[in-house]
Amino acid sequence: MSLSCFDPRFGERMLSVDEALSVLGESLAGVMRTPRSERVALAQAPGRVLAETVISPLDVPAQTNAAMDGIALAQASLPDAESGEPLSDRGELSDHCQLIVIGSSLAGHPWTGRALAAGEAMRITTGAALPAGADTVVMQEQLEYRSAQGEGRAEGEAGERVVIEGVTSIRRGQNVRQAGEDIARGSQVMAPGQWLTPAAVGVLASLGLAEIAVYRPLTVAIFSTGDEVTAPGETLPAGGIYDANRFSLVALLRDQGIEVLDLGILSDDEASVSAALRDAATRADMVITSGGVSVGEADHVRSALAACGELALWRIAMRPGRPLAFGMLRAIPADDASSSGQVPFFGLPGNPVATMVTFLQFVLPALRLLSGQQRLAKAEASASATTLAQWQAPRLQLIAGETLRSRAERVDYHRGQIVLDDQGRQVVMTTGRQGSGILTSMLLAECLIEIPAGCATLHAGEPVMVQWLGSRGII
């Protein structure tokens with residue numbers, strides 16, 4: 001980048017959200033190291049980040065099999081109604097035929113006898129391997145079984161026959177799952193950085209993998225400062241506030257599989273903060289606090305941070321969450337390649353909603369980058385290759401259900417929820433009062449409504465971009 005993020009000139013002007021994401025991405029790329037990995041049992045893998053390339057050791061499914069219960073046959077055994085061949089006793093065209101049933105193929109118990117010959121069929125259950133000579137499965141609802149003497153159904157008896165209805169509708173290969181049609185042997189299934197969702201774990205199980213290599217979770221240290229901050233459960237003094245931000249942030253971190261080093265509420269003096277920061281820098285991959293580091297706050301907090309590394313105070317053109325502190329703490333490098341000797345620090349705004357919104361916009365993408373996760377979105381052609389925007393939650397376009405107002409010089413993040421309008425359409429509405437101290441607005445939120453810079457008003461019925469908050473445990 002042309003200007004260091006610690007250059008004082010960054011604090012002299014308002015940064016756009018995109019600028020902040022780009023500068024943060026470049027700064028973190030400079031200290032990025034491949035996380036350490038470990039092998040875990042597959043049952044312990046959900047919510048972890050894959051650390052190896054997964055190549056399929058087999059076809060999935062392993063054999064060509066039936067997609068439903070019925071009979072397996074060779075489609076060529078069926079009469080061709082289009083040929084004009086009489087199929088009924090009266091010489092009329094018919095839409096049914098009769099085949100000889102020679103056995104059964106069951107799921108887990110495949111047929112091991114001879115191949116099907118012309119005019120023969122075999123009972124088959126869902127998931128059972130197709131016998132040699134068969135290429136089609138006819139579902140149970142089209143079948144009627146008869147004994148050789150024509151006296152009703154006699155399942156499993158020698159000479160059992162089956163009458164198939166709707167012959168002309170049967171197509172070769174119907175109701176058949178081909179071996180390897182989902183995953184082919186030798187193909188790449190997943191790459192390092194894959195977030196292991198329940199679906200991903202299911203796919204790994206389908207390959208027969210009992211354990212997998214994952215990156216070790218990051219450790220994040222978090223603390224609060226301020227004489228007014230009180231731990232929940234304690235008596236609230238006059239002028240005091242309960243420490244909601246730390247608990248919100250700890251919950252957000254743990255939802256992402258982060259190991260949390262909770263330093264609690266630190267004494268409001270430089271010596272205590274300095275000692276805590278030095279300790280955290282040797283034990284954590286990132287340090288976070290909220291409040292106490294923005295312009296106008298207690299100088300000793302910023303002094304402690306500056307003494308342990310570098311600190312930048314930014315103003316970002318967004319609401320809520322304009323002030324943001326970012327820094328690098330000096331740490332004693334560990335004897336492994338995953339340590340750079342520098343630990344990122346984020347100082348988030350003190351208002352509760354601003355804390356959560358800035359965490360979602362900047363800290364969460366940074367954690368995804370540092371944890372080795374794959375990008376969630378492609379950057380625009382004009383964007384920096386390392387911008388943290390690629391690790392932000394993907395945007396969705398919805399319809400505004402009400403008029404939304406902002407200031408043209410900033411990005412506004414309104415808390416929103418999906419409702420049905422009077423026409424039965426899904427639209428997005430705000431959750432009510434949108435002040436940065438109204439934490440209940442986040443409690444009700446399903447998404448963040450993003451009103452871009454340059455837009456002062458979005459009218460009801462117009463398209464609007466939102467960041468969905470429900471996926472991957474963000475909220």
# chains A, B, ... in the order shown; residues from 1 in each chain; ligands from 1

call {"tool": "closest_atom_pairs", "arguments": {"of": "range 386-411 of chain A", "to": "range 309-321 of chain A", "cutoff": "7 Å", "atoms": "only C-alpha atoms", "output": "JSON lines"}}
result
{"residue": "A:Glu409", "atom": "CA", "partner": "A:Ala317", "partner_atom": "CA", "distance": 6.9}
{"residue": "A:Arg410", "atom": "CA", "partner": "A:Ala317", "partner_atom": "CA", "distance": 4.6}
{"residue": "A:Val411", "atom": "CA", "partner": "A:Met318", "partner_atom": "CA", "distance": 4.6}

call {"tool": "residues_around", "arguments": {"residues": "Thr386 in chain A", "least_positions_apart": "6", "cutoff": "7 Å", "atoms": "only C-alpha atoms", "output": "PyMOL selection string"}}
result
chain A and resi 22+25-26

call {"tool": "residues_around", "arguments": {"residues": "range 93-103 of chain A", "least_positions_apart": "4", "cutoff": "6 Å", "atoms": "only C-alpha atoms", "output": "VMD selection string"}}
result
chain A and resid 86 to 88 119 to 122 160 to 167

call {"tool": "select_by_dssp", "arguments": {"residues": "range 76-286 of chain A", "states": "strand (DSSP E)", "output": "number ranges by chain"}}
result
A: 96-105, 120-124, 136-139, 143-146, 161-165, 176-177, 188-190, 211-215, 219-225, 229-230, 241-242, 259-266, 286

call {"tool": "residues_around", "arguments": {"residues": "range 269-277 of chain A", "least_positions_apart": "2", "cutoff": "9 Å", "atoms": "only C-alpha atoms", "output": "PyMOL selection string"}}
result
chain A and resi 221+223+225+263+266-267+279-282+287+299-305+307-308+329
